[in-house]
file query.cif (mmCIF, C-alpha atoms)
data_upload
#
loop_
_atom_site.label_atom_id
_atom_site.label_comp_id
_atom_site.auth_asym_id
_atom_site.auth_seq_id
_atom_site.Cartn_x
_atom_site.Cartn_y
_atom_site.Cartn_z
CA MET A 269 -9.44 8.50 23.80
CA THR A 270 -8.63 4.83 24.35
CA GLY A 271 -11.90 4.38 26.23
CA TRP A 272 -13.84 5.81 23.29
CA LEU A 273 -11.89 3.56 20.90
CA GLU A 274 -12.62 0.51 23.06
CA THR A 275 -16.34 1.19 23.06
CA HIS A 276 -16.38 1.99 19.33
CA MET A 277 -14.39 -0.92 17.95
CA PHE A 278 -15.07 -2.17 14.44
CA ARG A 279 -16.19 -5.77 14.33
CA CYS A 280 -14.23 -7.66 11.68
CA PRO A 281 -16.73 -8.67 8.96
CA SER A 282 -14.67 -11.77 8.23
CA VAL A 283 -15.12 -13.05 11.80
CA THR A 284 -18.75 -11.92 12.04
CA TRP A 285 -20.03 -13.51 8.85
CA PHE A 286 -17.54 -16.25 8.42
CA GLY A 287 -15.85 -17.23 11.70
CA MET A 288 -12.42 -16.92 10.10
CA GLU A 289 -9.83 -14.34 11.06
CA CYS A 290 -8.47 -11.93 8.47
CA PRO A 291 -4.80 -10.84 8.16
CA GLY A 292 -5.61 -7.59 9.96
CA CYS A 293 -7.40 -9.18 12.95
CA GLY A 294 -5.86 -8.02 16.21
CA MET A 295 -4.55 -4.77 14.75
CA GLN A 296 -7.19 -2.67 16.47
CA ARG A 297 -6.78 -4.30 19.89
CA SER A 298 -3.02 -4.03 19.46
CA LEU A 299 -3.32 -0.32 18.62
CA ILE A 300 -5.39 0.28 21.76
CA PHE A 301 -2.76 -1.53 23.86
CA LEU A 302 -0.10 0.64 22.22
CA LEU A 303 -2.01 3.85 22.98
CA LYS A 304 -2.32 2.73 26.59
CA GLY A 305 1.45 2.21 26.66
CA GLN A 306 1.34 -1.60 27.07
CA PHE A 307 3.99 -2.34 24.47
CA LEU A 308 4.45 -6.05 25.27
CA ASP A 309 0.72 -6.77 25.12
CA SER A 310 0.52 -4.79 21.90
CA PHE A 311 3.36 -6.80 20.35
CA LEU A 312 1.93 -10.15 21.46
CA MET A 313 -1.53 -9.25 20.14
CA TYR A 314 -0.37 -8.27 16.64
CA PRO A 315 3.42 -8.35 16.01
CA PRO A 316 3.49 -6.50 12.65
CA LEU A 317 1.75 -3.38 14.03
CA LEU A 318 4.88 -1.48 15.05
CA PRO A 319 6.74 -2.07 11.75
CA LEU A 320 3.60 -1.12 9.82
CA LEU A 321 3.20 2.11 11.82
CA GLY A 322 6.89 2.84 11.35
CA MET A 323 6.55 2.38 7.61
CA VAL A 324 3.54 4.72 7.40
CA ILE A 325 5.33 7.38 9.48
CA TYR A 326 8.46 7.01 7.32
CA LEU A 327 6.29 7.36 4.22
CA ALA A 328 4.83 10.63 5.54
CA LEU A 329 8.31 11.94 6.40
CA HIS A 330 9.63 10.89 2.99
CA LEU A 331 6.80 12.71 1.22
CA LEU A 332 7.50 15.82 3.30
CA PHE A 333 11.29 15.91 3.09
CA SER A 334 12.01 13.51 0.15
CA PHE A 335 15.04 11.66 1.52
CA ARG A 336 17.77 10.71 -0.92
CA SER A 337 17.19 6.95 -0.97
CA GLY A 338 13.82 7.05 0.78
CA ALA A 339 11.95 5.25 -2.01
CA LYS A 340 14.33 2.26 -1.94
CA ILE A 341 14.19 2.07 1.87
CA LEU A 342 10.39 2.21 1.76
CA GLN A 343 10.39 -0.59 -0.80
CA TYR A 344 12.52 -2.83 1.46
CA MET A 345 10.38 -1.92 4.48
CA PHE A 346 7.30 -2.86 2.47
CA VAL A 347 8.72 -6.27 1.53
CA GLY A 348 9.66 -6.93 5.17
CA ASN A 349 6.21 -5.88 6.36
CA ALA A 350 4.48 -8.00 3.73
CA VAL A 351 6.49 -11.05 4.88
CA LEU A 352 5.66 -10.25 8.53
CA VAL A 353 1.91 -9.89 7.87
CA PHE A 354 1.88 -13.08 5.77
CA LEU A 355 3.81 -15.11 8.39
CA ASN A 356 1.66 -13.73 11.23
CA TYR A 357 -1.52 -14.70 9.38
CA THR A 358 -0.44 -18.20 8.35
CA LEU A 359 0.89 -19.01 11.86
CA ARG A 360 -2.28 -17.67 13.44
CA ILE A 361 -4.54 -19.67 11.13
CA PHE A 362 -2.37 -22.78 11.59
CA PHE A 363 -2.42 -22.60 15.38
CA SER A 364 -6.09 -21.71 15.65
CA TYR A 365 -7.13 -24.74 13.57
CA SER A 366 -4.66 -27.32 14.86
CA MET B 232 28.10 51.75 -34.26
CA PRO B 233 28.29 48.24 -35.67
CA GLU B 234 30.26 47.16 -32.58
CA ILE B 235 27.44 48.25 -30.25
CA ASP B 236 24.97 46.54 -32.54
CA ILE B 237 26.84 43.28 -32.23
CA PHE B 238 27.12 43.70 -28.47
CA VAL B 239 23.38 44.21 -28.07
CA HIS B 240 22.73 41.24 -30.28
CA THR B 241 24.94 38.92 -28.26
CA GLU B 242 23.45 40.16 -25.01
CA THR B 243 19.93 39.36 -26.11
CA GLN B 244 21.16 36.00 -27.34
CA ASP B 245 22.74 35.38 -23.94
CA ARG B 246 19.51 36.27 -22.24
CA LEU B 247 17.57 33.94 -24.51
CA MET B 248 20.00 31.12 -23.77
CA GLU B 249 19.70 31.82 -20.05
CA ASN B 250 15.92 31.71 -20.25
CA GLN B 251 16.05 28.42 -22.10
CA ASN B 252 18.39 26.98 -19.46
CA LEU B 253 16.05 28.15 -16.71
CA ASP B 254 13.13 26.57 -18.55
CA GLN B 255 14.99 23.28 -18.81
CA GLN B 256 15.95 23.37 -15.14
CA PHE B 257 12.38 24.09 -14.18
CA ASN B 258 11.10 21.27 -16.35
CA GLN B 259 13.62 18.80 -14.96
CA ASN B 260 12.24 19.44 -11.48
CA GLN B 261 8.76 18.46 -12.60
CA GLN B 262 7.27 15.46 -10.86
CA VAL B 263 6.36 12.32 -12.77
CA PRO B 264 2.53 12.25 -12.88
CA ASN B 265 0.93 10.08 -10.16
CA ALA B 266 4.30 9.29 -8.51
CA THR B 267 3.19 10.25 -4.99
CA ALA B 268 -0.24 8.69 -5.37
CA VAL B 269 1.28 5.41 -6.59
CA LEU B 270 3.71 5.28 -3.65
CA VAL B 271 0.99 6.01 -1.07
CA LEU B 272 -1.56 3.58 -2.56
CA GLY B 273 1.05 0.87 -3.01
CA ILE B 274 2.14 1.06 0.62
CA ILE B 275 -1.39 1.44 1.98
CA SER B 276 -2.42 -1.72 0.09
CA ILE B 277 -0.70 -3.95 2.69
CA VAL B 278 -1.75 -1.87 5.70
CA ILE B 279 -5.44 -2.17 4.74
CA CYS B 280 -5.71 -5.95 4.67
CA TRP B 281 -9.18 -6.16 6.23
CA LEU B 282 -12.54 -6.99 4.67
CA TYR B 283 -11.56 -10.08 2.64
CA GLY B 284 -8.60 -8.25 1.12
CA LEU B 285 -10.87 -6.22 -1.15
CA PHE B 286 -9.52 -2.85 0.04
CA GLY B 287 -5.96 -3.99 -0.54
CA LEU B 288 -6.82 -5.39 -3.96
CA ALA B 289 -8.57 -2.15 -4.97
CA CYS B 290 -5.67 0.01 -3.76
CA GLY B 291 -3.11 -2.20 -5.51
CA ILE B 292 -4.95 -2.25 -8.83
CA ILE B 293 -5.57 1.52 -8.82
CA ALA B 294 -1.87 2.06 -8.01
CA LEU B 295 -0.84 -0.25 -10.86
CA VAL B 296 -3.05 1.59 -13.39
CA LEU B 297 -1.74 4.99 -12.23
CA ALA B 298 1.84 3.67 -12.32
CA GLY B 299 1.31 2.49 -15.90
CA LYS B 300 0.17 5.98 -16.92
CA GLY B 301 3.05 7.65 -15.06
CA ARG B 302 5.63 5.32 -16.62
CA LYS B 303 4.23 5.98 -20.08
CA ALA B 304 4.50 9.73 -19.54
CA TYR B 305 8.05 9.34 -18.22
CA MET B 306 9.15 7.13 -21.13
CA GLU B 307 7.86 9.66 -23.66
CA ASN B 308 9.96 12.43 -22.14
CA PRO B 309 12.54 11.14 -19.62
CA GLY B 310 14.56 14.36 -19.39
CA MET B 311 11.60 16.39 -18.29
CA TYR B 312 11.03 14.79 -14.89
CA SER B 313 13.01 14.65 -11.66
CA ALA B 314 14.82 11.41 -10.85
CA ALA B 315 13.52 11.36 -7.26
CA SER B 316 9.87 11.27 -8.30
CA TYR B 317 10.60 8.48 -10.81
CA ALA B 318 12.25 6.53 -7.96
CA ASN B 319 9.05 7.03 -5.95
CA LEU B 320 7.01 5.76 -8.88
CA LYS B 321 9.19 2.66 -9.31
CA ALA B 322 9.13 1.83 -5.57
CA GLY B 323 5.37 2.40 -5.44
CA ARG B 324 4.90 0.11 -8.44
CA VAL B 325 6.87 -2.73 -6.78
CA CYS B 326 4.87 -2.28 -3.56
CA ALA B 327 1.61 -2.26 -5.53
CA ILE B 328 2.55 -5.48 -7.36
CA ILE B 329 3.36 -7.28 -4.09
CA GLY B 330 0.26 -5.87 -2.38
CA THR B 331 -1.99 -6.88 -5.27
CA ILE B 332 -0.58 -10.43 -5.39
CA LEU B 333 -0.93 -10.97 -1.62
CA SER B 334 -4.44 -9.46 -1.52
CA GLY B 335 -5.37 -11.53 -4.55
CA LEU B 336 -4.13 -14.70 -2.82
CA TYR B 337 -6.17 -13.82 0.27
CA VAL B 338 -9.31 -13.14 -1.82
CA LEU B 339 -8.75 -16.51 -3.52
CA LEU B 340 -8.42 -18.20 -0.11
CA VAL B 341 -11.67 -16.58 1.04
CA ILE B 342 -13.46 -17.71 -2.13
CA ILE B 343 -12.16 -21.27 -1.73
CA ALA B 344 -13.13 -21.30 1.95
CA PHE B 345 -16.57 -19.94 1.09
CA ALA B 346 -17.02 -22.58 -1.58
CA THR B 347 -15.96 -25.47 0.68
CA VAL B 348 -17.97 -24.24 3.67
CA GLY B 349 -20.89 -23.64 1.35
CA THR B 350 -20.72 -27.17 -0.03
CA LEU B 351 -20.36 -28.55 3.50
CA ILE B 352 -23.55 -26.78 4.51
CA LEU B 353 -25.30 -27.94 1.34
CA GLY B 354 -23.98 -31.46 1.88
CA SER B 355 -25.24 -31.64 5.45
CA TRP B 356 -28.52 -30.16 4.28
CA LYS B 357 -28.82 -32.90 1.70
CA GLU B 358 -28.01 -35.54 4.36
CA ILE B 359 -30.67 -34.13 6.63
CA MET B 360 -33.19 -34.17 3.77
CA ASP B 361 -32.19 -37.71 2.77
CA SER B 362 -32.48 -38.98 6.32
CA GLY B 363 -36.08 -37.89 6.33
CA ASN B 364 -35.76 -35.80 9.48
CA GLY B 365 -35.38 -32.44 7.82
CA TYR B 366 -38.31 -30.25 7.11
#
call {"tool": "encode", "arguments": {"input": "query.cif", "output": "structure tokens"}}
result
Amino acid sequence: MTGWLETHMFRCPSVTWFGMECPGCGMQRSLIFLLKGQFLDSFLMYPPLLPLLGMVIYLALHLLFSFRSGAKILQYMFVGNAVLVFLNYTLRIFFSYS
Amino acid sequence: MPEIDIFVHTETQDRLMENQNLDQQFNQNQQVPNATAVLVLGIISIVICWLYGLFGLACGIIALVLAGKGRKAYMENPGMYSAASYANLKAGRVCAIIGTILSGLYVLLVIIAFATVGTLILGSWKEIMDSGNGY
């Protein structure tokens, strides 16, 4: 499974055509590390992956079981994730160009 | 005889009332239109941040349009829909707004970067042409 994923990775069009990373760059490599069980490598490669996955899983559970305050919790999770992705991207761009 | 008549009358009335109550209960459990779709699209809009932010922007804008329709339907008849689905719609709308703004900022950044890199290339091209070495 992970071997197949590694040989069939999407090439980021932003990097290919433009040489600039996008906010999602590293997500795929991080996911492969996660599937292999290398949690530290996965976190270092793309820190917001685990919170994002958690949010998607919580969304699926909320749609299935409709928790009492699930919508509010999802909203807060979304804001946190948005901040994480934004910070990750700005820091990455800043350090790769400085 | 008249007593029985009255009894039958009230019973049918009771049944009618019961049916109406059931109808109302059933209607109150109805979902606000697009509530689930808005929540899913709104949340997905930040997860799909690849390809120049275009996916995220598309998801966010679609979610906003659907949320507008759902809110309109809810405002016309607030008692008809369940509170939980309206909470979903509201949360999805907030997520969609944030996702659209962030994706829009990223698209803007890409356009600005494209423009500056493009002018850099054009500028160097012009220099090469001016220097007389470029053919």
call {"tool": "interface_residues", "arguments": {"input": "query.cif", "of": "chain A", "to": "chain B", "cutoff": "6 Å", "atoms": "all atoms listed in the file", "output": "count of residues only"}}
result
3
call {"tool": "closest_residue", "arguments": {"input": "query.cif", "among": "B:Leu339, B:Ala346, B:Val269, B:Ala314", "to": "Ala298 (chain B)", "atoms": "all atoms listed in the file"}}
result
B:Val269
call {"tool": "resolve_selection", "arguments": {"input": "query.cif", "expression": "the PyMOL selection byres ((chain A and resi 356) around 8)", "output": "ChimeraX atom specification"}}
result
/A:291,314-316,352-355,357-360
call {"tool": "resolve_selection", "arguments": {"input": "query.cif", "expression": "the PyMOL selection byres ((chain B and resi 290) around 8)", "output": "list in words"}}
result
Leu272, Gly273, Ile275, Ser276, Phe286, Gly287, Leu288, Ala289, Gly291, Ile292, Ile293, Ala294, Ala327 and Thr331 of chain B
call {"tool": "atom_distance", "arguments": {"input": "query.cif", "atom1": "CA of Tyr344 (chain A)", "atom2": "CA of Asn260 (chain B)"}}
result
25.8 Å
call {"tool": "atom_distance", "arguments": {"input": "query.cif", "atom1": "CA of Met295 (chain A)", "atom2": "CA of Ser310 (chain A)"}}
result
8.8 Å
call {"tool": "atom_distance", "arguments": {"input": "query.cif", "atom1": "CA of Tyr326 (chain A)", "atom2": "CA of His276 (chain A)"}}
result
28.0 Å
call {"tool": "residues_around", "arguments": {"input": "query.cif", "residues": "Thr284 (chain A)", "least_positions_apart": "4", "cutoff": "12 Å", "atoms": "only C-alpha atoms", "output": "ChimeraX atom specification"}}
result
/A:278-280,288-290,293 /B:282-283
call {"tool": "residues_around", "arguments": {"input": "query.cif", "residues": "Lys303 (chain B)", "least_positions_apart": "5", "cutoff": "10 Å", "atoms": "all atoms listed in the file", "output": "PDB file with C-alpha atoms, keeping the file's coordinate frame"}}
result
ATOM      1  CA  VAL B 263       6.360  12.320 -12.770  1.00  0.00           C
ATOM      2  CA  PRO B 264       2.530  12.250 -12.880  1.00  0.00           C
ATOM      3  CA  LEU B 297      -1.740   4.990 -12.230  1.00  0.00           C
ATOM      4  CA  ALA B 298       1.840   3.670 -12.320  1.00  0.00           C
ATOM      5  CA  ASN B 308       9.960  12.430 -22.140  1.00  0.00           C
ATOM      6  CA  PRO B 309      12.540  11.140 -19.620  1.00  0.00           C
TER       7      PRO B 309
END
